[in-house]
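Colleague: Input file: input-v3.tsv. Contents: TSV, C-alpha atoms.
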chain	number	residue	atom	x	y	z
L	1	MET	CA	39.26	97.42	138.16
L	2	LEU	CA	42.20	95.32	137.00
L	3	PRO	CA	42.93	92.00	138.76
L	4	LYS	CA	46.21	93.43	140.11
L	5	LEU	CA	44.28	96.08	141.99
L	6	ALA	CA	41.88	93.60	143.52
L	7	GLY	CA	43.84	93.54	146.77
L	8	LEU	CA	44.30	97.27	146.95
L	9	LEU	CA	41.12	97.91	148.91
L	10	LEU	CA	41.38	94.77	151.03
L	11	TRP	CA	40.79	96.43	154.37
L	12	GLY	CA	38.12	98.83	153.16
L	13	LEU	CA	36.23	96.08	151.36
L	14	SER	CA	36.47	93.64	154.25
L	15	LEU	CA	34.97	96.25	156.53
L	16	ALA	CA	32.22	97.16	154.10
L	17	ALA	CA	31.31	93.52	153.42
L	18	GLN	CA	30.20	92.90	157.00
L	19	ALA	CA	26.75	93.86	158.20
L	20	ALA	CA	26.05	97.10	160.04
L	21	PRO	CA	29.44	98.36	161.23
L	22	LEU	CA	29.33	100.63	164.25
L	23	LEU	CA	30.10	104.21	163.24
L	24	LEU	CA	31.12	106.24	166.29
L	25	GLN	CA	32.38	109.70	167.14
L	26	GLY	CA	33.82	111.08	170.33
L	27	GLN	CA	37.07	111.71	172.12
L	28	ILE	CA	40.21	110.00	173.32
L	29	GLY	CA	41.41	112.32	176.02
L	30	ASN	CA	40.81	115.77	174.54
L	31	ALA	CA	41.29	114.68	170.92
L	32	ALA	CA	38.30	114.23	168.62
L	33	VAL	CA	38.09	110.87	166.82
L	34	VAL	CA	35.87	108.95	164.40
L	35	MET	CA	35.76	105.15	164.73
L	36	GLU	CA	34.30	102.24	162.80
L	37	LEU	CA	33.99	98.81	164.42
L	38	ASN	CA	32.81	95.44	163.14
L	39	VAL	CA	31.84	93.02	165.89
L	40	GLY	CA	31.44	89.48	164.56
L	41	GLN	CA	29.06	86.89	165.90
L	42	ASP	CA	32.11	84.90	167.00
L	43	GLY	CA	33.28	87.83	169.12
L	44	GLU	CA	36.12	88.84	166.80
L	45	VAL	CA	36.40	92.59	166.34
L	46	ASP	CA	38.16	94.62	163.66
L	47	GLY	CA	37.96	98.26	162.79
L	48	ARG	CA	39.75	101.53	162.38
L	49	TYR	CA	39.73	105.07	163.68
L	50	PHE	CA	41.27	108.42	162.91
L	51	TYR	CA	41.97	111.59	164.83
L	52	ARG	CA	40.06	114.41	163.14
L	53	LYS	CA	43.21	116.54	163.25
L	54	TYR	CA	45.32	114.03	161.30
L	55	HIS	CA	42.87	111.92	159.21
L	56	GLN	CA	45.17	108.87	159.06
L	57	ASP	CA	43.77	105.46	160.05
L	58	LEU	CA	44.85	103.41	163.02
L	59	ALA	CA	43.82	99.76	162.71
L	60	LEU	CA	41.96	98.04	165.53
L	61	SER	CA	41.59	94.32	166.20
L	62	GLY	CA	40.60	92.29	169.22
L	63	LYS	CA	37.73	90.50	170.96
L	64	ARG	CA	34.41	91.03	172.65
L	65	MET	CA	34.64	89.71	176.18
L	66	ALA	CA	31.99	87.79	178.12
L	67	ASP	CA	30.81	90.96	179.90
L	68	GLY	CA	30.24	92.71	176.54
L	69	SER	CA	33.34	94.87	176.71
L	70	LEU	CA	35.80	95.17	173.82
L	71	GLN	CA	39.55	94.72	174.21
L	72	LEU	CA	41.36	96.06	171.17
L	73	GLY	CA	44.93	96.32	169.96
L	74	GLU	CA	46.13	99.20	167.82
L	75	ASN	CA	48.13	98.68	164.61
L	76	LEU	CA	48.98	95.11	165.55
L	77	LYS	CA	51.36	93.16	163.33
L	78	TYR	CA	50.06	89.84	162.06
L	79	ASP	CA	51.60	87.78	164.89
L	80	GLU	CA	51.15	90.37	167.64
L	81	GLN	CA	48.68	90.52	170.54
L	82	ARG	CA	48.19	93.55	172.76
L	83	ASN	CA	45.38	95.41	174.52
L	84	ASP	CA	45.57	99.16	173.93
L	85	LEU	CA	41.92	100.14	174.16
L	86	THR	CA	39.13	98.86	176.42
L	87	LEU	CA	35.53	99.85	175.71
L	88	GLN	CA	32.41	99.21	177.78
L	89	PRO	CA	28.90	99.65	176.34
L	90	GLN	CA	27.05	102.46	178.11
L	91	ASN	CA	23.78	104.25	177.32
L	92	GLY	CA	23.88	103.38	173.61
L	93	GLY	CA	27.51	104.43	173.29
L	94	TRP	CA	30.87	103.30	174.64
L	95	ARG	CA	33.15	104.45	177.42
L	96	GLY	CA	36.56	103.16	178.28
L	97	GLU	CA	40.27	103.73	178.47
L	98	TRP	CA	43.07	104.08	175.97
L	99	HIS	CA	46.51	103.21	177.23
L	100	GLY	CA	48.31	102.73	173.91
L	101	PRO	CA	51.46	100.73	173.13
L	102	LYS	CA	53.84	103.46	174.31
L	103	ALA	CA	51.64	105.77	176.39
L	104	SER	CA	52.98	106.98	179.72
L	105	LYS	CA	49.45	107.35	181.07
L	106	SER	CA	45.94	106.22	180.18
L	107	LEU	CA	43.31	108.47	178.62
L	108	PRO	CA	39.53	108.34	178.98
L	109	VAL	CA	37.48	107.39	175.94
L	110	MET	CA	33.91	108.46	175.23
L	111	LEU	CA	32.13	107.44	172.01
L	112	THR	CA	28.57	107.89	170.77
L	113	PRO	CA	26.83	106.67	167.59
L	114	TYR	CA	27.50	108.88	164.57
L	115	GLU	CA	24.12	109.19	162.89
L	116	PRO	CA	23.82	110.23	159.19
L	117	GLY	CA	22.01	113.41	160.18
L	118	GLN	CA	25.14	114.44	162.11
L	119	TRP	CA	27.53	113.94	159.21
L	120	PRO	CA	29.22	117.13	157.99
L	121	ALA	CA	27.66	118.83	154.99
L	122	SER	CA	29.69	119.38	151.84
L	123	ALA	CA	29.09	121.66	148.88
L	124	ASP	CA	31.16	119.30	146.73
L	125	ALA	CA	28.65	117.16	144.80
L	126	ALA	CA	31.38	114.68	143.88
L	127	LEU	CA	32.32	114.23	147.53
L	128	ASN	CA	28.66	113.78	148.45
L	129	SER	CA	28.58	110.78	146.12
L	130	MET	CA	31.00	109.08	148.54
L	131	ARG	CA	28.19	108.86	151.10
L	132	GLN	CA	26.99	105.75	149.27
L	133	ARG	CA	30.35	104.02	149.68
L	134	SER	CA	30.97	104.53	153.37
L	135	GLY	CA	29.93	107.01	156.03
L	136	TYR	CA	33.34	106.66	157.65
L	137	ASP	CA	35.15	107.48	154.40
L	138	TYR	CA	32.82	110.37	153.66
L	139	ILE	CA	33.30	111.94	157.10
L	140	ARG	CA	37.07	111.78	156.75
L	141	LEU	CA	37.11	113.14	153.19
L	142	ALA	CA	34.75	115.97	154.17
L	143	GLY	CA	37.56	117.21	156.44
L	144	LEU	CA	39.98	117.47	153.52
L	145	SER	CA	40.21	120.02	150.73
L	146	LEU	CA	41.69	120.19	147.27
L	147	LYS	CA	44.30	122.81	146.39
L	148	PRO	CA	44.68	124.31	142.90
L	149	GLY	CA	47.82	123.24	141.08
L	150	LYS	CA	49.21	124.09	137.66
L	151	ARG	CA	47.30	124.89	134.49
L	152	GLU	CA	48.34	123.55	131.11
L	153	ARG	CA	47.09	123.29	127.53
L	154	VAL	CA	46.60	119.78	126.19
L	155	GLN	CA	45.11	119.01	122.76
L	156	GLY	CA	43.27	122.32	122.60
L	157	HIS	CA	41.92	122.26	126.17
L	158	THR	CA	42.94	124.09	129.33
L	159	LEU	CA	43.44	121.69	132.22
L	160	GLN	CA	43.36	122.85	135.84
L	161	TRP	CA	45.05	120.37	138.17
L	162	TRP	CA	43.82	119.90	141.75
L	163	ASP	CA	45.93	118.35	144.51
L	164	GLU	CA	44.88	116.70	147.77
L	165	PRO	CA	47.90	117.53	149.98
L	166	LEU	CA	47.77	114.63	152.45
L	167	SER	CA	47.53	111.77	149.95
L	168	LYS	CA	49.21	113.73	147.13
L	169	ILE	CA	46.50	112.44	144.78
L	170	ARG	CA	46.08	114.87	141.89
L	171	LEU	CA	43.68	115.05	138.97
L	172	PHE	CA	42.63	117.79	136.59
L	173	ARG	CA	39.39	119.47	135.56
L	174	ILE	CA	38.73	120.68	132.00
L	175	LEU	CA	38.05	124.40	131.67
L	176	ASP	CA	37.20	124.77	127.97
L	177	GLY	CA	36.92	123.15	124.56
L	178	TYR	CA	33.71	121.18	125.18
L	179	PRO	CA	30.03	122.19	125.38
L	180	ASP	CA	29.02	123.28	128.87
L	181	ALA	CA	26.94	120.14	129.52
L	182	SER	CA	29.84	117.89	128.52
L	183	LEU	CA	32.26	119.89	130.66
L	184	GLN	CA	29.98	119.51	133.66
L	185	ARG	CA	29.61	115.74	133.20
L	186	LEU	CA	33.31	115.12	132.60
L	187	ASN	CA	34.43	117.28	135.51
L	188	GLN	CA	31.92	115.62	137.84
L	189	LEU	CA	33.29	112.23	136.79
L	190	LEU	CA	36.88	113.39	137.31
L	191	ALA	CA	36.09	114.84	140.73
L	192	GLU	CA	34.37	111.63	141.84
L	193	ARG	CA	37.32	109.60	140.61
L	194	GLN	CA	39.77	111.81	142.49
L	195	TRP	CA	37.93	111.34	145.79
L	196	GLN	CA	37.75	107.59	145.13
L	197	GLU	CA	41.52	107.52	144.66
L	198	VAL	CA	42.05	109.52	147.87
L	199	ALA	CA	39.90	106.95	149.69
L	200	SER	CA	42.00	104.18	148.10
L	201	TYR	CA	45.13	105.86	149.44
L	202	PHE	CA	43.74	105.66	152.98
L	203	ASP	CA	42.66	102.03	152.46
L	204	CYS	CA	46.20	101.23	151.38
L	205	GLN	CA	47.68	102.98	154.40
L	206	LEU	CA	45.38	100.93	156.63
L	207	GLY	CA	46.55	97.68	155.03
L	208	GLY	CA	50.16	98.68	155.66
L	209	THR	CA	49.64	99.10	159.40
L	210	HIS	CA	50.02	95.31	159.84
L	211	SER	CA	53.40	95.09	158.11
L	212	ALA	CA	56.20	97.39	157.04
L	213	GLY	CA	54.06	100.40	156.23
L	214	ALA	CA	52.50	101.45	152.94
L	215	ASP	CA	53.22	103.43	149.81
L	216	PHE	CA	50.76	104.78	147.23
L	217	GLU	CA	51.93	106.91	144.31
L	218	GLN	CA	49.84	107.82	141.31
L	219	THR	CA	50.44	109.40	137.91
L	220	VAL	CA	47.59	110.67	135.72
L	221	THR	CA	48.27	111.15	132.00
L	222	PRO	CA	45.72	112.63	129.56
L	223	HIS	CA	45.99	110.70	126.29
L	224	LEU	CA	43.04	111.73	124.12
L	225	LEU	CA	40.76	114.75	124.53
L	226	SER	CA	38.83	114.70	121.26
L	227	SER	CA	35.33	115.90	120.48
L	228	LYS	CA	34.03	112.32	120.91
L	229	LEU	CA	36.44	110.47	123.19
L	230	PHE	CA	38.06	111.42	126.48
L	231	SER	CA	40.73	108.98	127.67
L	232	ILE	CA	43.27	109.12	130.49
L	233	SER	CA	45.66	106.73	132.19
L	234	ILE	CA	45.68	106.46	136.00
L	235	PHE	CA	48.84	104.53	136.90
L	236	THR	CA	49.40	103.54	140.53
L	237	SER	CA	52.46	102.10	142.25
L	238	TYR	CA	51.52	100.77	145.66
L	239	TYR	CA	52.51	98.69	148.63
L	240	CYS	CA	49.61	98.03	151.01
L	241	GLY	CA	51.10	95.27	153.14
L	242	GLY	CA	51.81	91.72	152.05
L	243	ALA	CA	54.83	90.21	150.39
L	244	HIS	CA	55.59	92.63	147.55
L	245	PRO	CA	54.86	96.10	146.18
L	246	ASP	CA	52.85	96.23	142.96
L	247	PHE	CA	51.70	98.55	140.20
L	248	ALA	CA	48.80	98.80	137.77
L	249	ASP	CA	47.10	101.10	135.31
L	250	ASN	CA	43.35	101.68	135.72
L	251	PRO	CA	42.50	103.95	132.78
L	252	LEU	CA	39.30	105.89	132.19
L	253	THR	CA	37.74	106.31	128.73
L	254	VAL	CA	34.48	108.23	128.35
L	255	ASP	CA	31.95	109.08	125.65
L	256	VAL	CA	32.12	112.89	125.73
L	257	ALA	CA	28.50	113.43	124.64
L	258	SER	CA	26.86	111.18	127.24
L	259	GLY	CA	29.52	111.01	129.97
L	260	ARG	CA	29.26	107.20	129.94
L	261	THR	CA	32.37	105.20	130.79
L	262	LEU	CA	33.20	102.98	127.82
L	263	GLN	CA	34.11	99.31	127.58
L	264	LEU	CA	36.66	98.04	125.10
L	265	GLU	CA	33.82	96.35	123.20
L	266	ASP	CA	32.29	99.79	122.55
L	267	LEU	CA	35.24	100.51	120.25
L	268	LEU	CA	36.68	97.12	119.24
L	269	TRP	CA	34.77	93.89	118.56
L	270	LEU	CA	36.24	90.69	117.15
L	271	GLY	CA	33.39	88.29	117.85
L	272	LYS	CA	30.65	87.09	115.53
L	273	GLY	CA	27.45	89.02	115.11
L	274	LYS	CA	26.42	92.23	116.81
L	275	PRO	CA	29.00	93.66	119.26
L	276	GLN	CA	28.21	92.80	122.87
L	277	LEU	CA	29.05	94.74	126.01
L	278	LEU	CA	30.45	92.09	128.33
L	279	ARG	CA	30.56	93.97	131.63
L	280	SER	CA	27.69	94.86	133.92
L	281	ALA	CA	27.19	98.43	135.13
L	282	SER	CA	29.34	97.57	138.16
L	283	GLY	CA	32.16	96.30	135.94
L	284	GLU	CA	31.69	92.58	136.62
L	285	ARG	CA	31.97	89.83	134.00
L	286	LYS	CA	30.03	86.57	133.88
L	287	ASP	CA	32.91	84.81	132.14
L	288	TYR	CA	35.97	85.50	130.01
L	289	GLN	CA	35.28	83.17	127.06
L	290	TYR	CA	35.50	86.05	124.57
L	291	GLU	CA	38.88	87.19	125.90
L	292	GLU	CA	40.31	83.67	126.01
L	293	LYS	CA	38.96	82.29	122.74
L	294	VAL	CA	38.75	85.37	120.52
L	295	LEU	CA	40.41	88.57	121.74
L	296	ALA	CA	43.68	87.16	123.11
L	297	PRO	CA	44.64	85.00	120.08
L	298	TRP	CA	43.81	87.86	117.69
L	299	LEU	CA	45.84	90.39	119.68
L	300	ALA	CA	48.83	88.04	119.94
L	301	SER	CA	48.97	87.46	116.20
L	302	THR	CA	48.14	91.06	115.28
L	303	MET	CA	50.75	92.58	117.60
L	304	ALA	CA	53.32	90.11	116.24
L	305	ARG	CA	52.50	91.32	112.71
L	306	LEU	CA	52.38	95.04	113.53
L	307	HIS	CA	55.33	95.06	115.90
L	308	SER	CA	57.48	92.22	114.68
L	309	ALA	CA	60.77	93.44	116.13
L	310	GLU	CA	59.36	94.18	119.59
L	311	THR	CA	57.55	90.84	119.88
L	312	GLN	CA	60.29	88.70	118.35
L	313	PRO	CA	61.02	85.77	120.69
L	314	GLY	CA	64.60	85.51	121.92
L	315	ASN	CA	66.23	84.04	124.98
L	316	GLU	CA	64.27	82.74	127.97
L	317	ASP	CA	64.40	86.13	129.69
L	318	ASP	CA	62.54	87.87	126.88
L	319	CYS	CA	58.85	88.81	127.13
L	320	ALA	CA	56.46	86.30	125.56
L	321	TYR	CA	54.39	88.86	123.68
L	322	ARG	CA	53.34	86.23	121.11
L	323	ASP	CA	51.71	84.09	123.78
L	324	PRO	CA	47.91	84.67	123.70
L	325	GLN	CA	47.69	84.21	127.47
L	326	VAL	CA	49.32	87.58	128.13
L	327	TRP	CA	46.57	89.31	126.09
L	328	GLN	CA	43.56	87.93	127.97
L	329	PHE	CA	43.43	90.74	130.55
L	330	VAL	CA	44.44	94.01	128.93
L	331	SER	CA	44.45	97.55	130.22
L	332	TRP	CA	43.47	99.96	127.48
L	333	TYR	CA	42.95	103.59	126.61
L	334	ALA	CA	42.54	105.71	123.48
L	335	THR	CA	45.33	107.81	121.96
L	336	PRO	CA	45.52	110.05	118.86
L	337	GLN	CA	47.26	107.17	117.06
L	338	GLY	CA	44.91	104.35	118.07
L	339	LEU	CA	43.96	102.04	120.93
L	340	TYR	CA	46.68	101.24	123.43
L	341	LEU	CA	46.31	97.71	124.85
L	342	GLY	CA	48.67	96.60	127.60
L	343	PRO	CA	49.35	92.87	128.18
L	344	SER	CA	49.46	91.33	131.65
L	345	PHE	CA	52.10	88.98	133.03
L	346	ALA	CA	52.79	86.88	136.10
L	347	ARG	CA	54.80	88.59	138.83
L	348	VAL	CA	58.15	87.18	137.69
L	349	ALA	CA	57.72	88.95	134.35
L	350	ARG	CA	56.02	92.17	135.45
L	351	ALA	CA	58.77	94.24	133.82
L	352	CYS	CA	57.23	93.19	130.48
L	353	GLU	CA	54.01	95.09	131.13
L	354	TYR	CA	53.00	98.44	129.62
L	355	PRO	CA	55.31	98.46	126.56
L	356	GLU	CA	55.19	101.79	124.73
L	357	TRP	CA	54.67	100.24	121.29
L	358	SER	CA	51.48	98.28	122.05
L	359	VAL	CA	49.04	100.29	119.91
L	360	LEU	CA	46.40	99.24	117.38
L	361	PRO	CA	46.13	102.03	114.77
L	362	TRP	CA	42.67	103.50	114.24
L	363	SER	CA	42.68	102.33	110.63
L	364	LEU	CA	42.79	98.73	111.89
L	365	VAL	CA	40.30	99.31	114.71
L	366	LYS	CA	37.79	100.65	112.17
L	367	GLN	CA	37.90	97.28	110.41
L	368	HIS	CA	36.62	95.70	113.65
L	369	PRO	CA	34.29	98.33	115.13
L	370	GLY	CA	32.54	97.83	118.42
L	371	ALA	CA	29.08	98.80	119.61
L	372	ARG	CA	29.79	102.56	119.16
L	373	PRO	CA	31.51	102.89	115.77
L	374	GLU	CA	30.51	106.56	115.55
L	375	LEU	CA	32.98	107.33	118.34
L	376	LEU	CA	36.01	106.14	116.37
L	377	PRO	CA	38.27	109.01	115.18
In structure tokens, write the structure found in this file.
Modeller:
Amino acid sequence: MLPKLAGLLLWGLSLAAQAAPLLLQGQIGNAAVVMELNVGQDGEVDGRYFYRKYHQDLALSGKRMADGSLQLGENLKYDEQRNDLTLQPQNGGWRGEWHGPKASKSLPVMLTPYEPGQWPASADAALNSMRQRSGYDYIRLAGLSLKPGKRERVQGHTLQWWDEPLSKIRLFRILDGYPDASLQRLNQLLAERQWQEVASYFDCQLGGTHSAGADFEQTVTPHLLSSKLFSISIFTSYYCGGAHPDFADNPLTVDVASGRTLQLEDLLWLGKGKPQLLRSASGERKDYQYEEKVLAPWLASTMARLHSAETQPGNEDDCAYRDPQVWQFVSWYATPQGLYLGPSFARVARACEYPEWSVLPWSLVKQHPGARPELLP
């Protein structure tokens, strides 16, 4: 994931990072709810819940009192304090009262532990993979469904788009043009990615409950669907609370034969010796010496040579495309013409990101092949 998206899952990650959250199900009044609570050793409590009918999160924050009860506020702003929900431990579960910020009367609350054996079953193998991320997320997503959208032909393949109506997250599946085993692997990967993006939408909405709301819009563009490489752009504009809205591209490039997600070093290598894959299976890097010392300087000089007019320095408001620093953290994907590599800028110059011209032609990439040269067009 790109650095700009690091804050996108702030609430979901902060919840997941704590030990053993309480996963509960029950009712507020007559309405069915699912709740997740983290009770810290210092007595601080944070969490979230959703009504099964609506699926949208309401944020919870508050304290554990001396008698063991929880006093929680709902969707509190950062400087706000309020008690909307009181819970008392009882027989392994919780009972209490919800009286809400604007409620005319209080409602009884009854919650019991939501054990994995009680989670709803799903025939969607991609959705089942979300069980490993979070039981809370899985339970919510299991209550949603994808709706078929348009079909279109792209680079010799029929694409069937699928929409999730609540989040408006859409992604396609490939219907033809690849061997059956490759189709199955690619479509499984696309389905898993779509559910991950739907979960990210809800995480973003949760972050926005503490400020002026949230916005999460996404555009998926297929760029290369060749016999060897499958590459798409997943561009997201989002506001999840905080000072400013933001945007980022988080592309996906896959080896069609194996279904493995590729690193840039699989296709392009500028270092000495045998190409090295610099990311772990989880996407983490030990350091960025290669990007800083090798990749960035080479990209700055090469882009200046290939795209002289677009990178020509001008007045102080122009983009500094010849500065190696902007090429240290690139977003990339494959196109029929070559590798697209997008530079990254500080917030004040974000308008400089994702220029259309920023492509290394395949003829040049082949002079610096990565660990999988056989995949190059």
Colleague: Between CA of Leu341 (chain L) and CA of Glu356 (chain L), what is the spacing in Å?
Modeller: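 Computed distance, CA of Glu356 (chain L) to CA of Leu341 (chain L), equals 9.8 Å.
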Colleague: Using all atoms listed in the file, which of the listed residues (L:Ala212, L:Met130, L:Ala300, L:Val256) sits closest to Gln194 (chain L)?
Modeller: L:Met130
Colleague: Would you mind telling me which residue in L:Leu127, L:Leu146, L:Leu166, L:Leu175 lies nearest to Leu189 (chain L) when using only C-alpha atoms?
Modeller: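 Result for the nearest residue to Leu189 (chain L): L:Leu127.
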Colleague: Find the residues near region 87-90 of chain L: any atom within 9 Å, counting all atoms listed in the file, skip ones fewer than 6 places away on the same chain, and give them as a VMD selection string.
Modeller: chain L and resid 67 to 72 96 to 98 109 to 110
Colleague: Hey, what's within 8 Å of Val326 (chain L) if we count only C-alpha atoms and toss same-chain stuff fewer than 6 positions away? As an MDAnalysis selection string, please?
Modeller: chainID L and resid 296 320 343:345
Colleague: Considering only C-alpha atoms, return as number ranges by chain whatever protein or nucleic-acid residues lie within 9 Å of Gly370 (chain L), sequence-local ones (same chain, fewer than 5 positions apart) excluded.
Modeller: L: 264-270, 274-277, 365
Colleague: Write out, as a tab-separated table (two decimals), in the coordinates of the input, the residues just selected, with C-alpha atoms.
Modeller:
chain	number	residue	atom	x	y	z
L	264	LEU	CA	36.66	98.04	125.10
L	265	GLU	CA	33.82	96.35	123.20
L	266	ASP	CA	32.29	99.79	122.55
L	267	LEU	CA	35.24	100.51	120.25
L	268	LEU	CA	36.68	97.12	119.24
L	269	TRP	CA	34.77	93.89	118.56
L	270	LEU	CA	36.24	90.69	117.15
L	274	LYS	CA	26.42	92.23	116.81
L	275	PRO	CA	29.00	93.66	119.26
L	276	GLN	CA	28.21	92.80	122.87
L	277	LEU	CA	29.05	94.74	126.01
L	365	VAL	CA	40.30	99.31	114.71
